[in-house]
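Text of model_21.pdb (PDB, C-alpha atoms, pLDDT in the B column) as supplied:
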```pdb
ATOM      1  CA  MET S 128     -12.001  -8.928   0.009  1.00 90.00           C
ATOM      2  CA  THR S 129      -8.312  -8.058   0.073  1.00 90.00           C
ATOM      3  CA  LEU S 130      -6.381  -5.848   2.483  1.00 89.00           C
ATOM      4  CA  TYR S 131      -4.194  -3.310   0.672  1.00 91.00           C
ATOM      5  CA  PHE S 132      -1.396  -1.755   2.706  1.00 90.00           C
ATOM      6  CA  PHE S 133      -0.558   1.666   1.268  1.00 92.00           C
ATOM      7  CA  GLU S 134       2.440   3.762   2.174  1.00 91.00           C
ATOM      8  CA  ARG S 135       4.179   6.915   1.066  1.00 90.00           C
ATOM      9  CA  VAL S 136       7.914   7.230   1.514  1.00 82.00           C
ATOM     10  CA  THR S 137       9.869  10.388   0.695  1.00 81.00           C
ATOM     11  CA  ASP S 138      13.343  11.579   1.590  1.00 81.00           C
ATOM     12  CA  ASP S 139      12.077  13.221   4.761  1.00 84.00           C
ATOM     13  CA  ASP S 140       8.686  11.641   5.464  1.00 81.00           C
ATOM     14  CA  PHE S 141       6.902   8.337   5.865  1.00 82.00           C
ATOM     15  CA  ILE S 142       3.144   7.818   5.950  1.00 83.00           C
ATOM     16  CA  GLY S 143       1.716   4.378   6.452  1.00 79.00           C
ATOM     17  CA  PRO S 144       0.550   1.909   6.592  1.00 84.00           C
ATOM     18  CA  VAL S 145      -2.907   2.975   5.505  1.00 90.00           C
ATOM     19  CA  ILE S 146      -4.841  -0.278   5.293  1.00 91.00           C
ATOM     20  CA  VAL S 147      -7.792  -0.451   2.904  1.00 93.00           C
ATOM     21  CA  ALA S 148     -10.170  -3.410   2.603  1.00 93.00           C
ATOM     22  CA  ALA S 149     -11.504  -3.589  -0.947  1.00 94.00           C
ATOM     23  CA  PRO S 150     -12.569  -6.159  -3.552  1.00 94.00           C
ATOM     24  CA  SER S 151     -10.012  -4.877  -6.123  1.00 94.00           C
ATOM     25  CA  GLU S 152      -6.889  -2.756  -6.415  1.00 94.00           C
ATOM     26  CA  ASP S 153      -8.802  -0.090  -8.348  1.00 96.00           C
ATOM     27  CA  GLU S 154     -11.397   0.161  -5.577  1.00 96.00           C
ATOM     28  CA  ALA S 155      -8.631   0.363  -2.961  1.00 96.00           C
ATOM     29  CA  TRP S 156      -7.103   3.314  -4.825  1.00 97.00           C
ATOM     30  CA  ARG S 157     -10.565   4.956  -4.979  1.00 97.00           C
ATOM     31  CA  VAL S 158     -10.950   4.591  -1.201  1.00 97.00           C
ATOM     32  CA  LEU S 159      -7.468   6.028  -0.576  1.00 96.00           C
ATOM     33  CA  ALA S 160      -8.152   8.857  -3.036  1.00 97.00           C
ATOM     34  CA  ALA S 161     -11.361   9.731  -1.187  1.00 97.00           C
ATOM     35  CA  ARG S 162      -9.498   9.696   2.140  1.00 95.00           C
ATOM     36  CA  GLU S 163      -6.733  11.935   0.778  1.00 95.00           C
ATOM     37  CA  ARG S 164      -9.151  14.131  -1.246  1.00 97.00           C
ATOM     38  CA  SER S 165      -7.109  13.570  -4.381  1.00 97.00           C
ATOM     39  CA  ASP S 166      -7.036  11.275  -7.398  1.00 96.00           C
ATOM     40  CA  ARG S 167      -4.921   8.206  -8.078  1.00 96.00           C
ATOM     41  CA  PRO S 168      -2.441   9.808 -10.526  1.00 97.00           C
ATOM     42  CA  ALA S 169      -1.775  12.625  -8.073  1.00 97.00           C
ATOM     43  CA  LEU S 170      -1.288  10.159  -5.213  1.00 96.00           C
ATOM     44  CA  GLU S 171       1.111   8.067  -7.277  1.00 95.00           C
ATOM     45  CA  ALA S 172       3.034  11.222  -8.222  1.00 94.00           C
ATOM     46  CA  LEU S 173       3.383  11.981  -4.502  1.00 92.00           C
ATOM     47  CA  GLY S 174       4.917   8.544  -3.929  1.00 91.00           C
ATOM     48  CA  TRP S 175       1.914   6.551  -2.652  1.00 93.00           C
ATOM     49  CA  GLN S 176       2.243   2.860  -3.403  1.00 91.00           C
ATOM     50  CA  ILE S 177       0.783  -0.450  -2.388  1.00 90.00           C
ATOM     51  CA  ALA S 178       3.345  -1.988  -0.077  1.00 85.00           C
ATOM     52  CA  GLN S 179       1.480  -5.256   0.348  1.00 83.00           C
ATOM     53  CA  GLU S 180      -1.723  -7.058  -0.592  1.00 82.00           C
ATOM     54  CA  LEU S 181      -3.124  -9.624   1.788  1.00 81.00           C
ATOM     55  CA  ALA S 182      -5.920 -11.698   0.240  1.00 81.00           C
ATOM     56  CA  ALA S 183      -5.963 -14.291   3.015  1.00 80.00           C
ATOM     57  CA  MET S 184      -4.759 -14.494   6.576  1.00 77.00           C
ATOM     58  CA  PRO S 185      -1.504 -16.442   6.948  1.00 75.00           C
ATOM     59  CA  ALA S 186      -1.978 -20.020   8.136  1.00 81.00           C
ATOM     60  CA  ARG S 187       0.549 -19.564  10.949  1.00 84.00           C
ATOM     61  CA  ALA S 188       2.218 -16.786  12.864  1.00 82.00           C
ATOM     62  CA  GLY S 189       4.948 -14.913  11.056  1.00 74.00           C
ATOM     63  CA  VAL S 190       6.166 -11.579   9.766  1.00 72.00           C
ATOM     64  CA  VAL S 191       4.533 -10.309   6.580  1.00 69.00           C
ATOM     65  CA  TYR S 192       6.989  -8.047   4.781  1.00 67.00           C
ATOM     66  CA  PRO S 193       5.914  -5.411   2.283  1.00 68.00           C
ATOM     67  CA  SER S 194       6.537  -6.555  -1.290  1.00 63.00           C
ATOM     68  CA  HIS S 195       9.185  -3.888  -1.955  1.00 58.00           C
ATOM     69  CA  TYR S 196      11.253  -5.291   0.940  1.00 54.00           C
ATOM     70  CA  ARG S 197      11.369  -8.648  -0.844  1.00 48.00           C
ATOM     71  CA  ARG S 198      12.390  -6.954  -4.119  1.00 49.00           C
ATOM     72  CA  ALA S 199      15.228  -5.129  -2.323  1.00 46.00           C
ATOM     73  CA  ILE S 200      16.441  -8.374  -0.765  1.00 47.00           C
ATOM     74  CA  LEU S 201      16.401 -10.180  -4.127  1.00 48.00           C
ATOM     75  CA  GLU S 202      18.241  -7.391  -6.003  1.00 51.00           C
TER      76      GLU S 202
END
```
What would the structure in this file look like if it were written as structure tokens?
Amino acid sequence: MTLYFFERVTDDDFIGPVIVAAPSEDEAWRVLAARERSDRPALEALGWQIAQELAAMPARAGVVYPSHYRRAILE
């Protein structure tokens, strides 16, 4: 089971994190779609994204940054 941290960021709004426990990314999107009463393509068009996947708990205390934060730092 993996924890998927979803978020939606727009110019004037932020929703998240919405944390979904699911065995796969596709199933996580299905759970989010059911919650939002929409489908995955529509959610993606609205800006929903997976900010982070956490397949295992970290071995020690620390900050877990969303993956897009790391991409921004590396760019």
**Request:** Identify, on the basis of all atoms listed in the file, every residue whose closest approach to S:Val145 does not exceed 8 Å; exclude the query and any residue fewer than 6 positions from it along the same chain; express the result as a PyMOL selection string.
**Result:** chain S and resi 132-134
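If you look at atom CA of S:Leu130 and atom CA of S:Gln179, they are 8.2 Å away from each other.
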**Message:** Taking all atoms listed in the file into account, name the residue in S:Trp175, S:Trp156, S:Ala169, S:Glu163 that is nearest to S:Asp140.
**Reply:** S:Trp175
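In terms of minimum interatomic distance to S:Ala183, S:Tyr131 ranks closest within S:Asp139, S:Tyr131, S:Glu171, S:Val158, counting all atoms listed in the file.
The two atoms in question, atom CA of S:Pro144 and atom CA of S:Ile177, are spaced 9.3 Å apart.
Ranking S:Val136, S:Val147, S:Pro185, S:Met128 by their shortest atom-to-atom distance to S:Ala160, with only C-alpha atoms included, puts S:Val147 first.
Nearest residue to S:Arg162 among S:Thr129, S:Ile146, S:Ala182, S:Thr137 is S:Ile146, counting all atoms listed in the file.
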**Complete:** Between S:Asp153, S:Ala188, S:Leu181, S:Arg135, smallest distance to S:Asp166 by all atoms listed in the file belongs to S:Asp153
**Point-to-point distance in Å for atom CA of S:Gly174 and atom CA of S:Asp138** = 10.5 Å
Per-axis box centre and lengths in Å around stretch 160-179 of chain S, 5 Å margin per side, axis-aligned, as AutoDock Vina command-line options:
```
--center_x -3.2 --center_y 4.4 --center_z -4.2 --size_x 26.3 --size_y 29.4 --size_z 22.7
```
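Among the candidates S:Met184, S:Arg164, S:Leu159, S:Gly189, the one nearest to S:Gly143 when counting only C-alpha atoms is S:Leu159.
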